[in-house]
Each structure stands twice: as structure tokens, then as C-alpha cells.
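For reference, the structure discussed in these notes is given below.
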Amino acid sequence: MEFKKITLSDRDKLLPFLQKNDELTCEISFINLLLWQPLYNNCFCIENDILYLKSYDEQIETYSLPFGDMKTGVENIIAHSGNPYPTFWAQAGARFDEFVGLYGDRYDIIESRNEFDYIYNSSDLINLSGKKYHSKRNHISAFSKQFDWHYEAITADNIDKVRECADIWYSQSSDKMDDELKCEMQGVYMMLDNMSALHLCGGAIVVDDKIVAFTLGSAINKSVYNIHIEKAIEGFEAAYTVINREFAAHNCENYKYINREDDLGLEGLRKSKLSYKPQIILPKYVLTKKEKL
């Protein structure tokens with residue numbers, strides 16, 4: 001098995017495998033695999049109609065569950081790694097259920113709560129109806145009273161202003177600039193430079209001809225839309241609520257779910273994502289050799 005770094009040109013090779021099982025997780029988004037490649041060294045191998053994904057940090061290898069024949073795939077990973085119990089990274093879904101059925105007696109299944117996906121009914125985020133979204137409607141109303149704003153799709157005509165908004169946001173966040181945020185920043189500019197090739201859509205909130213918030217998203221499959229990035233600059237924090245609703249209304253009506261990814265274990269972000277009342281909080285797991293095997 002020969003693994004190679006995931007690059008933009010690999011999209012059409014990987015998508016047929018990634019979308020086959022109609023899973024809900026953002027982990028099967030090609031854009032996420034590409035965006036985080038520099039940080040996690042995401043790489044892939046396709047052999048005999050099975051897709052293998054691997055990441056590594058300081059030479060510690062972690063494999064995704066194979067896309068294709070599970071038993072053959074796992075046995076091939078064992079042979080390739082030279083480890084009878086390679087470490088796997090998994091998400092709730094069809095492949096996880098199949099793996100547990102085959103190998104559950106060999107592995108400890110450890111929840112990784114900070115990486116759980118927050119998944120919402122699209123109709124909820126589009127309409128913000130009912131008592132549970134009263135505060136969200138109030139945020140939008142207050143923002144509308146304070147600012148004369150409008151929504152724009154990201155196009156060639158305004159993409160330079162979106163880049164300026166990104167520049168401002170990352171400059172304002174310079175005190176938090178760790179390796180993860182640096183990778184995200186590079187990924188945002190990569191996405192803006194390749195929106196057509198990646199089949200990305202974007203939206204922006206404009207105040208006084210200045211973009212103060214933007215978001216980027218793409219379809220995971222026919223049922224789930226993934227929000228990759230959402231930013232609002234200082235002084236316009238309520239624009240997060242506005243861009244959330246506006247982008248969903250303009251782009252997600254034909255999808256059952258919207259996946260807004262994880263909370264990184266950040267208390268404020270977790271509180272915010274819970275406040276939108278997710279329909280599903282999707283578990284993710286580290287699978288390691290059972291201690292008492």
C-alpha cells in the first residue's frame with residue numbers, strides 16, 4: 001500500500017468512496033480532509049476498490065475505517081502497519097457499526113467528546129421558528145436595528161472584500177494564533193482561491209459596503225450540508241446569527257441536515273452550538289487495543 005498526500009486534484013478520486021454510505025459526519029468531507037492536511041498529514045491510498053485514509057502526528061499513525069470491504073480493508077491495514085491492533089479514528093455511522101460487529105471484542109471504544117459533530121434540521125436553522133429560537137430572532141432584530149445590512153453570495157465581484165474580512169478576523173485573533181488556527185487560516189484562503197474546483201458556496205453580510213461576516217460551505221452528500229467556516233469581525237458579533245440563518249436559507253433548503261462540525265472543547269463554542277438546538281450530536285471515537293484482551 002502506497003499512501004500519498006491529499007491534494008486538490010484528488011477530489012474526483014475520493015468522492016465516490018466518501019459519499020457512498022450517506023453518513024452524517026463532516027469527517028467524510030473532502031474539503032475538510034484537504035483543509036486540515038497540513039496539520040494532520042492526511043493521506044490516502046486506493047487499492048482494489050477500497051479507500052484507505054491515514055493521518056499521523058509525531059509518527060503516531062491513525063487510520064480511518066476503510067471505505068469498502070471492511071474485513072479486507074482492516075486486514076490490509078494490519079499488514080501495512082505491522083501492528084495487529086492499529087489505532088482507528090471513527091464516527092457513528094454505517095462503517096462504525098460494521099467494524100464493531102467484526103472487531104468490537106478486540107478494541108476499546110473511547111468517546112472523543114470535543115470532536116462530536118453538531119447536526120441540525122435545515123428547516124430549524126432556516127426558519128428559527130418557535131419559542132426555542134426566540135433569542136436568535138431577537139439577535140437578528142437587534143442587528144437590523146443597529147445596522148443597515150444585506151446578504152450577498154460570494155462571487156468574483158466581492159471575493160476580495162471577503163479576503164479583507166478574513167484578514168481582519170485573523171488579525172483580531174492573533175493572540176490565539178496556534179498551529180490549528182494557522183492551518184485554518186491557510187485553509188480559508190485556499191478555499192477562497194478554489195471555490196469552483198471545490199464546489200464551495202459562500203455567503204457574506206455587508207454593512208456600509210464592507211463585509212463584516214462570511215461563511216463557506218459544501219454538500220457532504222445528498223442529505224447533509226457542511227458549514228466549514230463562519231466568521232464575524234469584532235463589533236459585529238451578532239452577525240454570526242444573521243449569517244447562520246441567511247446562508248442556510250439561500251443554500252440548504254434542499255438538504256435535510258446541516259452539519260456545523262465540532263466545538264473543539266471550547267466552553268463558549270459549545271454553549272453557542274447547543275443554543276441552536278441540534279437534532280443530533282454525533283459521537284466520534286478513538287479505537288485502541290482492548291486493555292484486557
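The chains in the C-alpha cells are called A, B, ... from first to last as shown; in each chain the residues are counted from 1, and the ligands are counted from 1 in the order shown.
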With the cut-off set at 9 Å and counting only C-alpha atoms, tabulate each residue of range 9-101 of chain A with an atom at most that distance from an atom of range 186-196 of chain A, showing the nearest atom pair and its distance in Å to one decimal, ordered by chain and increasing number, as CSV.
```
residue,atom,partner,partner_atom,distance
A:Ile31,CA,A:Met191,CA,8.3
A:Leu34,CA,A:Gly187,CA,8.2
A:Leu35,CA,A:Gly187,CA,4.9
A:Trp36,CA,A:Gly187,CA,7.4
```
Save the residues we just selected, N, CA, C and O atoms, as a tab-separated table (two decimals), in the first residue's frame?
```tsv
chain	number	residue	atom	x	y	z
A	31	ILE	N	-13.32	18.41	1.47
A	31	ILE	CA	-12.76	19.73	1.77
A	31	ILE	C	-12.10	19.73	3.14
A	31	ILE	O	-11.02	20.30	3.32
A	34	LEU	N	-8.80	18.00	2.98
A	34	LEU	CA	-7.81	18.84	2.31
A	34	LEU	C	-7.40	20.02	3.20
A	34	LEU	O	-6.20	20.33	3.32
A	35	LEU	N	-8.38	20.66	3.83
A	35	LEU	CA	-8.11	21.83	4.66
A	35	LEU	C	-7.14	21.51	5.79
A	35	LEU	O	-6.21	22.28	6.07
A	36	TRP	N	-7.34	20.36	6.44
A	36	TRP	CA	-6.54	20.02	7.61
A	36	TRP	C	-5.35	19.13	7.27
A	36	TRP	O	-4.64	18.67	8.17
```
Selection: 8 Å around Glu246 in chain A, only C-alpha atoms, excl. self and same-chain fewer than 4 positions, as a tab-separated table (two decimals) with C-alpha atoms, in the first residue's frame:
```
chain	number	residue	atom	x	y	z
A	126	ILE	CA	-33.72	28.45	8.06
A	151	TYR	CA	-26.72	39.42	2.34
A	203	GLY	CA	-22.24	34.00	1.79
A	242	VAL	CA	-27.52	36.60	10.82
A	250	HIS	CA	-30.03	30.58	0.50
```
Find the residues around Ser135 in chain A up to 12 Å (only C-alpha atoms counted), leave out those fewer than 3 positions away in its own chain, and share them as a list of chain:residue names.
->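 Close residues of Ser135 in chain A: A:Leu128, A:Ser129, A:Gly130, A:Lys131, A:Lys132, A:Asn138, A:His139, A:Ile140, A:Ser141, A:Ala142, A:Ala238, A:Thr241, A:Ser272, A:Ser275, A:Tyr276.
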Excluding same-chain residues fewer than 3 positions from Ile281 in chain A, what lies within 8 Å of it counting only C-alpha atoms, as a ChimeraX atom specification?
-> /A:116-119,278
For the residues selected in the previous step, produce a file with N, CA, C and O atoms as a PDB file, in the first residue's frame.
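Wrote it out as part25.pdb, contents follow:
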```pdb
ATOM      1  N   PHE A 116     -17.279  15.749  18.747  1.00  0.00           N
ATOM      2  CA  PHE A 116     -18.627  15.377  18.310  1.00  0.00           C
ATOM      3  C   PHE A 116     -19.174  16.434  17.345  1.00  0.00           C
ATOM      4  O   PHE A 116     -19.005  17.635  17.559  1.00  0.00           O
ATOM      5  N   ASP A 117     -19.856  15.984  16.291  1.00  0.00           N
ATOM      6  CA  ASP A 117     -20.475  16.895  15.329  1.00  0.00           C
ATOM      7  C   ASP A 117     -21.840  17.366  15.834  1.00  0.00           C
ATOM      8  O   ASP A 117     -22.610  16.570  16.391  1.00  0.00           O
ATOM      9  N   TYR A 118     -22.131  18.637  15.583  1.00  0.00           N
ATOM     10  CA  TYR A 118     -23.449  19.199  15.867  1.00  0.00           C
ATOM     11  C   TYR A 118     -24.231  19.263  14.558  1.00  0.00           C
ATOM     12  O   TYR A 118     -23.824  19.954  13.623  1.00  0.00           O
ATOM     13  N   ILE A 119     -25.346  18.535  14.519  1.00  0.00           N
ATOM     14  CA  ILE A 119     -26.108  18.391  13.283  1.00  0.00           C
ATOM     15  C   ILE A 119     -27.540  18.873  13.533  1.00  0.00           C
ATOM     16  O   ILE A 119     -28.191  18.467  14.502  1.00  0.00           O
ATOM     17  N   PRO A 278     -29.361  21.337  18.395  1.00  0.00           N
ATOM     18  CA  PRO A 278     -29.039  20.306  17.400  1.00  0.00           C
ATOM     19  C   PRO A 278     -30.009  19.134  17.457  1.00  0.00           C
ATOM     20  O   PRO A 278     -30.461  18.733  18.532  1.00  0.00           O
TER      21      PRO A 278
END
```
Extract, using only C-alpha atoms, all DNA, RNA and protein residues at most 6 Å from Ala213 in chain A, discarding same-chain residues fewer than 4 positions from it, and format them as an MDAnalysis selection string.
-> chainID A and resid 204:205 231:232
Selection from above, all heavy atoms, as a tab-separated table (two decimals), in the first residue's frame, can you write it?
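selection-v4.tsv, written as the output of this step:
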```
chain	number	residue	atom	x	y	z
A	204	ALA	N	-22.07	36.29	2.57
A	204	ALA	CA	-21.47	37.39	3.32
A	204	ALA	C	-22.55	38.35	3.79
A	204	ALA	O	-23.58	38.54	3.12
A	204	ALA	CB	-20.45	38.12	2.45
A	205	ILE	N	-22.29	38.97	4.92
A	205	ILE	CA	-23.12	40.06	5.44
A	205	ILE	C	-22.38	41.37	5.19
A	205	ILE	O	-21.21	41.51	5.58
A	205	ILE	CB	-23.43	39.88	6.94
A	205	ILE	CG1	-24.14	38.55	7.18
A	205	ILE	CG2	-24.25	41.06	7.46
A	205	ILE	CD1	-25.46	38.39	6.46
A	231	LYS	N	-17.26	33.34	10.12
A	231	LYS	CA	-16.50	34.38	10.82
A	231	LYS	C	-17.28	35.70	10.80
A	231	LYS	O	-17.90	36.05	9.80
A	231	LYS	CB	-15.14	34.62	10.14
A	231	LYS	CG	-14.25	33.38	10.05
A	231	LYS	CD	-13.83	32.85	11.40
A	231	LYS	CE	-12.85	31.69	11.28
A	231	LYS	NZ	-12.59	31.07	12.60
A	232	ALA	N	-17.19	36.42	11.92
A	232	ALA	CA	-17.73	37.78	12.01
A	232	ALA	C	-16.71	38.62	12.79
A	232	ALA	O	-16.23	38.19	13.84
A	232	ALA	CB	-19.09	37.80	12.71
```
Could the residues of range 196-230 of chain A that have an atom at most 12 Å from range 155-167 of chain A be listed as JSON lines, each with its closest atom pair and the distance in Å to one decimal, counting only C-alpha atoms and ordered by chain and ascending residue number?
```
{"residue": "A:Ser196", "atom": "CA", "partner": "A:Thr155", "partner_atom": "CA", "distance": 10.0}
{"residue": "A:Leu200", "atom": "CA", "partner": "A:Thr155", "partner_atom": "CA", "distance": 10.8}
{"residue": "A:Cys201", "atom": "CA", "partner": "A:Thr155", "partner_atom": "CA", "distance": 9.0}
{"residue": "A:Gly202", "atom": "CA", "partner": "A:Thr155", "partner_atom": "CA", "distance": 8.0}
{"residue": "A:Gly203", "atom": "CA", "partner": "A:Thr155", "partner_atom": "CA", "distance": 8.9}
{"residue": "A:Ala204", "atom": "CA", "partner": "A:Val162", "partner_atom": "CA", "distance": 7.5}
{"residue": "A:Ile205", "atom": "CA", "partner": "A:Val162", "partner_atom": "CA", "distance": 9.8}
{"residue": "A:Val206", "atom": "CA", "partner": "A:Lys161", "partner_atom": "CA", "distance": 9.7}
{"residue": "A:Val207", "atom": "CA", "partner": "A:Lys161", "partner_atom": "CA", "distance": 11.8}
{"residue": "A:Asp209", "atom": "CA", "partner": "A:Lys161", "partner_atom": "CA", "distance": 9.2}
{"residue": "A:Lys210", "atom": "CA", "partner": "A:Lys161", "partner_atom": "CA", "distance": 7.2}
{"residue": "A:Ile211", "atom": "CA", "partner": "A:Cys165", "partner_atom": "CA", "distance": 6.1}
{"residue": "A:Val212", "atom": "CA", "partner": "A:Cys165", "partner_atom": "CA", "distance": 6.2}
{"residue": "A:Ala213", "atom": "CA", "partner": "A:Cys165", "partner_atom": "CA", "distance": 7.0}
{"residue": "A:Phe214", "atom": "CA", "partner": "A:Val162", "partner_atom": "CA", "distance": 7.0}
{"residue": "A:Thr215", "atom": "CA", "partner": "A:Val162", "partner_atom": "CA", "distance": 9.4}
{"residue": "A:Leu216", "atom": "CA", "partner": "A:Val162", "partner_atom": "CA", "distance": 10.7}
{"residue": "A:Ile229", "atom": "CA", "partner": "A:Ala166", "partner_atom": "CA", "distance": 10.5}
{"residue": "A:Glu230", "atom": "CA", "partner": "A:Ala166", "partner_atom": "CA", "distance": 10.1}
```
Would you please give, as a PyMOL selection string, all residues of range 177-243 of chain A that DSSP assigns to helix (DSSP H, G or I) based on the backbone?
-> chain A and resi 179-193+195-198+239-243
Quick one: residues within 9 Å of Ser64 in chain A, only C-alpha atoms counted, chain neighbours fewer than 4 positions away excluded, as a ChimeraX atom specification?
-> /A:52-55,87-90
Those of range 46-212 of chain A in DSSP strand (DSSP E or B), formatted as a ChimeraX atom specification | /A:46-47,50-57,60-64,67,88-91,107-111,117-121,149-153,201-207,210-212
Show which residues sit within 9 Å of His228 in chain A, as a list in words. Count only C-alpha atoms, and ignore same-chain residues fewer than 3 positions away.
->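 The residues that qualify are Cys26, Ile31, Asn32, Thr215, Leu216, Gly217, Ser218, Asn259, Arg260 and Glu261 of chain A.
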Taking a cut-off of 12 Å and counting only C-alpha atoms, can you build a table that, for each residue of range 54-170 of chain A near range 1-16 of chain A, reports the nearest atom pair and how far apart they are in Å (one decimal), sorted by chain then residue number, as a tab-separated table?
```
residue	atom	partner	partner_atom	distance
A:Lys54	CA	A:Phe3	CA	7.9
A:Ser55	CA	A:Lys5	CA	9.6
A:Tyr56	CA	A:Lys5	CA	11.5
A:Tyr63	CA	A:Phe3	CA	11.5
A:Phe67	CA	A:Pro16	CA	9.8
A:Gly68	CA	A:Pro16	CA	10.7
A:Gly73	CA	A:Met1	CA	11.1
A:Asn76	CA	A:Met1	CA	8.3
A:Ile77	CA	A:Met1	CA	8.7
A:Ile78	CA	A:Met1	CA	11.2
A:Ala79	CA	A:Met1	CA	9.4
A:His80	CA	A:Met1	CA	6.7
A:Ser81	CA	A:Met1	CA	9.8
```
Residues from the last selection, C-alpha atoms, saved as a short mmCIF file (atom, residue, chain, number, x, y, z; two decimals), in the first residue's frame:
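Result file part22.cif:
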```
data_model
loop_
_atom_site.label_atom_id
_atom_site.label_comp_id
_atom_site.auth_asym_id
_atom_site.auth_seq_id
_atom_site.Cartn_x
_atom_site.Cartn_y
_atom_site.Cartn_z
CA LYS A 54 -4.36 7.79 7.32
CA SER A 55 -3.11 10.68 9.42
CA TYR A 56 -0.09 10.94 11.65
CA TYR A 63 -6.37 5.18 10.31
CA PHE A 67 -14.26 2.72 2.72
CA GLY A 68 -15.23 -0.52 1.00
CA GLY A 73 -9.60 -3.35 4.49
CA ASN A 76 -4.72 -4.88 4.84
CA ILE A 77 -4.17 -2.04 7.33
CA ILE A 78 -2.87 -4.55 9.88
CA ALA A 79 -0.43 -5.93 7.33
CA HIS A 80 0.64 -2.46 6.15
CA SER A 81 1.14 -1.04 9.64
#
```
Which one of A:Leu282, A:Ile168, A:Met70, A:Leu51 sits closest to Asp263 in chain A if you count only C-alpha atoms?
-> A:Leu282
Rank A:Thr288, A:Pro86, A:Tyr120, A:His199 by their smallest atom-to-atom distance to Asn244 in chain A, using only C-alpha atoms, and report the top residue only.
-> A:Tyr120
Quick one: pull the distance between CA of Asp49 in chain A and CA of Pro66 in chain A, Å, one decimal.
-> 10.4 Å
Which one of A:Ile50, A:Ile109, A:Phe147, A:Asn21 sits closest to Lys290 in chain A if you count only C-alpha atoms?
-> A:Ile109
For CA of Glu111 in chain A and CA of Leu24 in chain A, the interatomic separation in Å (one decimal) | 17.0 Å
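Between Lys292 in chain A and the candidates A:Ala219, A:Tyr107, A:Arg95, A:Leu269, the tightest atom-to-atom separation, counting only C-alpha atoms, involves A:Tyr107.
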Rank nothing, just name the residue among A:Tyr40, A:Tyr133, A:Phe236, A:Phe17 nearest to Glu184 in chain A, using only C-alpha atoms.
-> A:Tyr40
